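What follows is the content of protein05.csv, which has CSV, C-alpha atoms:
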```csv
chain,number,residue,atom,x,y,z
I,27,MET,CA,-33.2,60.5,75.7
I,28,THR,CA,-33.8,64.2,76.3
I,29,ALA,CA,-37.4,64.7,75.1
I,30,ILE,CA,-40.1,63.9,77.5
I,31,GLN,CA,-42.5,61.1,76.4
I,32,THR,CA,-45.5,59.5,78.1
I,33,ILE,CA,-46.2,55.7,78.4
I,34,PRO,CA,-49.5,54.2,79.4
I,35,ILE,CA,-49.5,51.7,82.3
I,36,MET,CA,-52.4,49.2,82.0
I,37,ARG,CA,-53.5,46.4,84.2
I,38,SER,CA,-53.2,42.7,83.3
I,39,PRO,CA,-54.6,39.8,85.3
I,40,ASP,CA,-52.0,37.5,83.7
I,41,LEU,CA,-48.7,39.1,82.8
I,42,ALA,CA,-47.3,35.9,81.2
I,43,HIS,CA,-50.3,35.6,79.0
I,44,THR,CA,-50.0,39.3,78.1
I,45,SER,CA,-46.3,38.9,77.3
I,46,ALA,CA,-47.0,35.8,75.0
I,47,PHE,CA,-49.7,37.8,73.2
I,48,TYR,CA,-47.4,40.7,72.4
I,49,SER,CA,-44.7,38.3,71.4
I,50,THR,CA,-46.9,37.0,68.6
I,51,LEU,CA,-47.2,40.7,67.5
I,52,GLY,CA,-43.4,41.0,67.3
I,53,PHE,CA,-42.9,42.8,70.6
I,54,ALA,CA,-39.9,42.1,72.9
I,55,SER,CA,-40.9,41.7,76.6
I,56,GLU,CA,-39.1,42.6,79.8
I,57,ARG,CA,-40.5,41.4,83.1
I,58,ILE,CA,-39.5,43.0,86.4
I,59,GLY,CA,-41.4,41.3,89.2
I,60,ASP,CA,-45.1,42.2,88.8
I,61,TYR,CA,-44.4,44.6,86.0
I,62,LEU,CA,-44.2,44.0,82.3
I,63,ILE,CA,-42.8,46.2,79.5
I,64,VAL,CA,-43.4,45.4,75.9
I,65,ARG,CA,-41.5,47.2,73.1
I,66,ARG,CA,-41.2,47.5,69.3
I,67,PRO,CA,-39.4,50.3,67.5
I,68,GLY,CA,-41.4,53.4,68.3
I,69,ILE,CA,-43.9,51.7,70.6
I,70,GLU,CA,-43.7,50.9,74.4
I,71,VAL,CA,-46.5,49.8,76.7
I,72,HIS,CA,-46.3,48.9,80.4
I,73,TYR,CA,-48.5,46.5,82.3
I,74,SER,CA,-48.9,45.9,86.0
I,75,ALA,CA,-50.8,43.2,87.9
I,76,PRO,CA,-54.2,44.3,89.3
I,77,ASP,CA,-52.9,44.1,92.9
I,78,PHE,CA,-49.7,46.1,92.1
I,79,SER,CA,-49.3,48.6,94.8
I,80,ASP,CA,-46.7,51.3,95.5
I,81,GLY,CA,-48.5,52.6,98.6
I,82,ARG,CA,-50.9,54.9,96.7
I,83,PRO,CA,-54.6,54.1,95.9
I,84,THR,CA,-54.9,54.3,92.1
I,85,GLU,CA,-56.7,52.6,89.3
I,86,SER,CA,-54.5,53.8,86.4
I,87,SER,CA,-51.1,55.4,85.9
I,88,CYS,CA,-48.9,56.9,83.2
I,89,TYR,CA,-45.1,56.8,83.0
I,90,ILE,CA,-43.6,60.1,81.8
I,91,ARG,CA,-39.9,59.8,81.1
I,92,GLY,CA,-37.1,61.9,79.7
I,93,GLY,CA,-34.2,64.2,80.6
I,94,GLY,CA,-36.5,67.1,81.5
I,95,ILE,CA,-38.0,65.5,84.6
I,96,ASP,CA,-35.4,67.0,87.0
I,97,ALA,CA,-36.5,70.5,85.9
I,98,LEU,CA,-40.2,69.6,86.4
I,99,HIS,CA,-39.5,68.3,89.9
I,100,ALA,CA,-37.6,71.4,90.8
I,101,GLU,CA,-40.4,73.7,89.5
I,102,TRP,CA,-43.1,71.8,91.3
I,103,THR,CA,-41.1,71.6,94.5
I,104,GLU,CA,-40.6,75.4,94.4
I,105,ALA,CA,-44.4,75.8,93.8
I,106,GLY,CA,-45.2,73.6,96.8
I,107,VAL,CA,-47.3,71.1,94.8
I,108,PRO,CA,-48.9,68.8,97.4
I,109,GLY,CA,-48.2,65.0,97.2
I,110,LEU,CA,-45.0,65.4,95.2
I,111,THR,CA,-42.6,62.7,96.2
I,112,PRO,CA,-38.8,63.1,96.4
I,113,ILE,CA,-36.7,61.8,93.5
I,114,TYR,CA,-35.6,58.2,94.2
I,115,HIS,CA,-32.8,56.2,92.5
I,116,ARG,CA,-34.5,52.9,91.7
I,117,PRO,CA,-32.9,49.5,91.4
I,118,TRP,CA,-33.8,49.3,87.7
I,119,GLY,CA,-31.5,52.2,86.9
I,120,MET,CA,-34.0,55.1,86.9
I,121,TYR,CA,-34.4,58.3,88.9
I,122,GLU,CA,-38.1,58.6,89.6
I,123,PHE,CA,-40.7,60.6,91.4
I,124,TYR,CA,-44.5,60.3,91.7
I,125,LEU,CA,-47.6,62.6,91.8
I,126,SER,CA,-51.2,61.5,92.0
I,127,ASP,CA,-53.9,63.7,90.3
I,128,PRO,CA,-57.0,64.6,92.3
I,129,HIS,CA,-58.8,61.5,91.0
I,130,GLY,CA,-56.2,58.9,91.9
I,131,CYS,CA,-54.4,58.6,88.5
I,132,LEU,CA,-50.7,58.1,89.4
I,133,LEU,CA,-48.2,60.0,87.3
I,134,LYS,CA,-44.8,58.4,87.4
I,135,PHE,CA,-41.8,60.5,86.2
I,136,GLY,CA,-38.5,58.9,85.4
I,137,ARG,CA,-35.2,59.1,83.6
I,138,SER,CA,-32.3,56.7,83.1
I,139,ASP,CA,-29.4,57.0,85.6
I,140,GLN,CA,-27.2,56.7,82.5
I,141,GLU,CA,-28.5,60.0,81.1
I,142,GLY,CA,-26.6,63.0,82.5
I,143,ASP,CA,-25.6,63.7,86.0
I,144,PRO,CA,-27.6,62.6,89.0
I,145,PRO,CA,-30.4,65.0,90.1
I,146,GLN,CA,-29.2,67.8,92.5
I,147,THR,CA,-31.4,66.3,95.2
I,148,TYR,CA,-32.5,62.6,95.3
I,149,LEU,CA,-32.8,59.7,97.8
I,150,PRO,CA,-30.7,56.6,97.2
I,151,ARG,CA,-33.6,54.2,97.5
I,152,HIS,CA,-37.4,54.1,97.7
I,153,PRO,CA,-38.8,52.7,100.9
I,154,GLY,CA,-40.5,49.9,98.9
I,155,ASP,CA,-37.4,48.8,97.1
I,156,PRO,CA,-35.8,45.4,97.9
```

As a first step, turn the structure in this file into structure tokens.
Amino acid sequence: MTAIQTIPIMRSPDLAHTSAFYSTLGFASERIGDYLIVRRPGIEVHYSAPDFSDGRPTESSCYIRGGGIDALHAEWTEAGVPGLTPIYHRPWGMYEFYLSDPHGCLLKFGRSDQEGDPPQTYLPRHPGDP
């Protein structure tokens, strides 16, 4: 995947119930702890539990993925964008970094570790990873 795409991350008080609902609509579900991804060809939606926390106060978030995220991170690092995290290699096979907007919306950027070479600068694990 080289194009950058955005994926909404919505809250669900019951991820199992949400998964079952989307199953009736023909979506495949993937559960990773307190996180749910539902997919059909051309459609992907992510859900997290209401108390999901990655150390940042936020009410909503958006996942932005694709091969161009390394260049975005380098550009924003060079510009000194405040609150930009380092790139981390996550246990689920993604390189990711985060940035909150001024109103608390968390922007999560990621790309597969199977897509191209590792970023020039990254940390091997996020402090919250198991």

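Counting only C-alpha atoms and comparing I:Pro156, I:Gly93, I:Pro108, I:Pro150, the residue that lies closest to I:Ser138 is I:Gly93.
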
message: List as a PyMOL selection string the protein and nucleic acid residues near I:Glu122, meaning an atom at most 10 Å away when all atoms listed in the file are counted, but skip any in the same chain fewer than 3 places from it.
response: chain I and resi 89-91+95-96+99+111-116+119+134-139+148-149+152

- request: Extract, using all atoms listed in the file, all DNA, RNA and protein residues at most 12 Å from I:Ala97, discarding same-chain residues fewer than 3 positions from it, and format them as a list in words.
  value: Thr28, Ile30, Gly92, Gly93, Gly94, Ala100, Glu101, Trp102, Thr103, Glu104, Ile113, Phe135, Gly136, Arg137, Pro145, Gln146 and Thr147 of chain I

- request: Enter the distance from atom CA of I:Pro153 to atom CA of I:Leu110, in Å, rounded to one decimal.
  value: 15.2 Å

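The space separating atom CA of I:Asp40 from atom CA of I:Phe123 comes to 26.8 Å.
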
message: Can you measure atom CA of I:Leu125 to atom CA of I:Gly68 for me? One decimal in Å is fine.
response: 26.0 Å

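Closest approach to I:Ser86 among I:Leu98, I:Val64, I:Leu132, I:Leu51: I:Leu132, based on only C-alpha atoms.
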
task: Within 8 Å of I:Arg66, counting all atoms listed in the file, which residues show up once you throw out same-chain ones fewer than 5 positions away? Write them as an MDAnalysis selection string, please.
output: chainID I and resid 52:54

Rebuild stretch 135-146 of chain I so that it carries all heavy atoms, then output the result as a short mmCIF file (atom, residue, chain, number, x, y, z; two decimals), in the frame of the given file.
```cif
data_model
loop_
_atom_site.label_atom_id
_atom_site.label_comp_id
_atom_site.auth_asym_id
_atom_site.auth_seq_id
_atom_site.Cartn_x
_atom_site.Cartn_y
_atom_site.Cartn_z
N PHE I 135 -42.84 59.78 86.99
CA PHE I 135 -41.80 60.50 86.20
C PHE I 135 -40.50 59.80 86.36
O PHE I 135 -40.12 59.47 87.49
CB PHE I 135 -41.74 61.95 86.63
CG PHE I 135 -42.99 62.74 86.41
CD1 PHE I 135 -44.04 62.68 87.31
CD2 PHE I 135 -43.13 63.53 85.29
CE1 PHE I 135 -45.20 63.40 87.11
CE2 PHE I 135 -44.29 64.26 85.07
CZ PHE I 135 -45.33 64.19 85.99
N GLY I 136 -39.75 59.58 85.27
CA GLY I 136 -38.50 58.90 85.40
C GLY I 136 -37.51 59.24 84.28
O GLY I 136 -37.91 59.69 83.21
N ARG I 137 -36.23 59.01 84.58
CA ARG I 137 -35.20 59.10 83.60
C ARG I 137 -34.08 58.13 83.93
O ARG I 137 -33.87 57.79 85.08
CB ARG I 137 -34.65 60.51 83.41
CG ARG I 137 -33.76 60.98 84.55
CD ARG I 137 -33.03 62.26 84.14
NE ARG I 137 -32.28 62.84 85.22
CZ ARG I 137 -31.01 62.55 85.51
NH1 ARG I 137 -30.35 61.64 84.82
NH2 ARG I 137 -30.39 63.15 86.49
N SER I 138 -33.34 57.70 82.92
CA SER I 138 -32.30 56.70 83.10
C SER I 138 -31.14 57.36 83.96
O SER I 138 -30.82 58.55 83.81
CB SER I 138 -31.70 56.32 81.77
OG SER I 138 -30.52 55.58 81.93
N ASP I 139 -30.54 56.53 84.82
CA ASP I 139 -29.40 57.00 85.60
C ASP I 139 -28.13 57.08 84.69
O ASP I 139 -27.09 57.54 85.12
CB ASP I 139 -29.13 56.18 86.83
CG ASP I 139 -28.85 54.72 86.57
OD1 ASP I 139 -28.68 54.31 85.40
OD2 ASP I 139 -28.79 53.96 87.55
N GLN I 140 -28.26 56.64 83.43
CA GLN I 140 -27.20 56.70 82.50
C GLN I 140 -27.25 58.04 81.66
O GLN I 140 -26.38 58.32 80.83
CB GLN I 140 -27.20 55.55 81.50
CG GLN I 140 -27.09 54.21 82.20
CD GLN I 140 -25.79 54.07 82.95
OE1 GLN I 140 -24.72 54.22 82.37
NE2 GLN I 140 -25.87 53.79 84.23
N GLU I 141 -28.30 58.80 81.89
CA GLU I 141 -28.50 60.00 81.10
C GLU I 141 -28.20 61.24 81.97
O GLU I 141 -28.96 61.66 82.84
CB GLU I 141 -30.03 60.07 80.73
CG GLU I 141 -30.39 61.25 79.90
CD GLU I 141 -31.84 61.24 79.47
OE1 GLU I 141 -32.59 60.33 79.86
OE2 GLU I 141 -32.22 62.16 78.75
N GLY I 142 -27.03 61.77 81.76
CA GLY I 142 -26.60 63.00 82.50
C GLY I 142 -26.20 62.70 83.91
O GLY I 142 -26.09 61.56 84.36
N ASP I 143 -25.97 63.79 84.62
CA ASP I 143 -25.60 63.70 86.00
C ASP I 143 -26.77 63.36 86.90
O ASP I 143 -27.91 63.58 86.51
CB ASP I 143 -25.00 65.06 86.48
CG ASP I 143 -23.70 65.40 85.77
OD1 ASP I 143 -22.94 64.46 85.44
OD2 ASP I 143 -23.45 66.59 85.54
N PRO I 144 -26.52 62.84 88.12
CA PRO I 144 -27.60 62.60 89.00
C PRO I 144 -28.36 63.92 89.33
O PRO I 144 -27.77 65.01 89.23
CB PRO I 144 -26.94 62.09 90.30
CG PRO I 144 -25.63 61.58 89.84
CD PRO I 144 -25.23 62.44 88.67
N PRO I 145 -29.64 63.84 89.71
CA PRO I 145 -30.40 65.00 90.10
C PRO I 145 -29.65 65.74 91.25
O PRO I 145 -28.95 65.10 92.04
CB PRO I 145 -31.74 64.54 90.53
CG PRO I 145 -31.86 63.19 89.93
CD PRO I 145 -30.47 62.65 89.81
N GLN I 146 -29.84 67.04 91.39
CA GLN I 146 -29.20 67.80 92.50
C GLN I 146 -29.65 67.23 93.84
O GLN I 146 -28.85 67.19 94.76
CB GLN I 146 -29.53 69.27 92.38
CG GLN I 146 -28.82 69.93 91.23
CD GLN I 146 -29.03 71.43 91.23
OE1 GLN I 146 -29.81 71.98 92.00
NE2 GLN I 146 -28.32 72.10 90.34
#
```
